[in-house]
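In what follows, a single structure is set out as structure tokens and then discussed.
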Amino acid sequence: MSARRPPIVGRYTAEEVELATRNHGMPLEALRYDVTPAGLHYLLIHFDIPPSDEGWSLGIGGLVERPFSLSLAELKSAGALSVRVTMECAGNGRGQISPRYPSVPWLEEGVSTAEWTGVPLAGLLQRARLRDAVKEIVFHGADRGFDHGVEHYFARSLPLHEAMREDVLVAHAMNGAPLPPQHGAPLRLVVPRWYGMASVKWLRAIEAIDDFYTRRRIVNAGAIQMSGRAWSGVAPVERVEFGVDEKWTDAVVAKPQAPHAWQSWQGVWHAKAGEHELGCRATDAAGRVQPLEPVWDLSGFGNNAVQRIFVTVRG
Ligand SMILES: Nc1nc2c(c(=O)[nH]1)N[C@H]1C(S)=C(S)[C@@H](COP(=O)(O)O)O[C@H]1N2
Ligand SMILES: [Mo]
């Protein structure tokens, strides 16, 4: 996750105005309807609306025994369920605060209720046979754009137990009609009880993963090019070893690029399936070697212990 954007005081940027105009709110007089007519339901569309075509299919994969994909026709012919859901944008009310956060400036119109019809997600996940390690289900949208300068497809995840609740739907209809383009045609997720952002529109893939929040790296087995940087405040670095599960191998260390700048090193790791701990340890020309464990210091200063990272190697 990148840092939040800084708040803004002053005039609106073109991007903010464009977001505000493409995303209308529900006019408050529409509170008179139990079910908000589709055209009055609020909208939140971050990027461009992607085209939907007859050839659309939904893929279900990741950590599952039986990945599969379903055509639109297959999904529509599966047993449908309808759920009436009040959906609210997490940013509803944002327009009342200052300094403002640069996104849709809702006053209080980012909420509506619709009758969504589709296939319960739990059945699809059961059919794919989730592996025991699965903790989180990721939903990928087909819309692509920039956020914080990073280009990506819209995607959100749910913890497994939430994804398995029986009223979470892969919906193809809204208020009894096929989903309109702006609400996710031809397929969207609908997650009751969660802020709207969990209900991923233009849904094209569902992926089961083990842990969304881990910083653990994942690589495929085989030869892996290792590289890094080593530096010392005292003397040039003469030796770098990289360790795999505490077994150390010499890496090739490049000559110093400048007297006071770090040096690069390289090596090859023949990675075997399983869980591994990698480390790297430098020795400088003055004979100083990085310790395996940090040396305690009152202020937390000067810790130059071996750096370690944890890697899962897939077979
Ligand atoms: N693919 C995709 N799904 C998305 C979004 C989006 O921009 N792209 N916006 C989310 C947000 S923030 C909200 S509040 C709801 C709004 O759903 P609606 O536009 O159908 O009311 O959709 C969510 N699903
Ligand atoms: Mo939202």
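Just so we're on the same page: first chain in the structure tokens is A, next is B, and so on; residues restart at 1 for each chain, and ligands are numbered from 1 in the order they show up.
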Neighbour list for A:Ala258 as a PDB file with C-alpha atoms, in the first residue's frame, cut-off 10 Å, only C-alpha atoms, skip fewer than 4 positions in-chain:
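Generated output (around05.pdb):
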```
ATOM      1  CA  PRO A 236      35.426  -0.999   0.716  1.00  0.00           C
ATOM      2  CA  TRP A 262      27.559   1.125  -1.948  1.00  0.00           C
ATOM      3  CA  GLN A 263      28.728  -1.807  -4.072  1.00  0.00           C
TER       4      GLN A 263
END
```
Surrounding residues of A:Glu88 excluding itself and chain neighbours under 4 positions, 12 Å, only C-alpha atoms, as a PyMOL selection string
chain A and resi 25-26+41-44+92-93+106+108-114+190-199
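Ranking A:Gly300, A:Gly10, A:Gly315, A:Pro186 by their shortest atom-to-atom distance to A:Pro102, with only C-alpha atoms included, puts A:Gly10 first.
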Sel. of strand (DSSP E) residues, stretch 39-191 of chain A, as JSON, numbers by chain:
{"A": [57, 58, 59, 60, 61, 62, 68, 69, 70, 71, 81, 82, 83, 84, 85, 86, 87, 88, 111, 112, 113, 114, 115, 116, 117, 118, 119, 120, 136, 137, 138, 139, 140, 141, 142, 143, 144, 145, 146, 147, 150, 151, 152, 153, 154, 155, 156, 157, 158, 159, 169, 170, 171, 172, 173, 174, 177, 178, 188, 189, 190]}
Skip A:Leu203 itself and residues of its chain fewer than 3 positions away, then list as an mmCIF file with C-alpha atoms, in the first residue's frame all residues within 7 Å of it, counting only C-alpha atoms.
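Final output, result_30.cif:
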```cif
data_model
loop_
_atom_site.group_PDB
_atom_site.id
_atom_site.type_symbol
_atom_site.label_atom_id
_atom_site.label_comp_id
_atom_site.auth_asym_id
_atom_site.auth_seq_id
_atom_site.Cartn_x
_atom_site.Cartn_y
_atom_site.Cartn_z
ATOM 1 C CA PHE A 139 -11.670 -10.158 -7.034
ATOM 2 C CA HIS A 140 -10.222 -8.636 -10.182
ATOM 3 C CA GLY A 141 -12.068 -6.041 -12.236
ATOM 4 C CA ALA A 142 -11.490 -5.366 -15.925
ATOM 5 C CA LEU A 187 -20.833 -9.278 -13.901
ATOM 6 C CA ARG A 188 -20.111 -7.808 -10.520
ATOM 7 C CA LEU A 189 -19.591 -8.951 -6.997
ATOM 8 C CA VAL A 200 -16.052 -5.290 -7.480
#
```
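Counting from atom CA of A:Glu15, the distance to atom 21 (O, counted along the ligand's line) of ligand 1 is 19.6 Å.
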Backbone DSSP call of helix (DSSP H, G or I) for stretch 52-203 of chain A, listed as a ChimeraX atom specification:
/A:72-77,94-96,121-128,160-163,181-183,196-198
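Pairwise distance (atom CA of A:Arg308, atom CA of A:Ala261) equals 21.9 Å.
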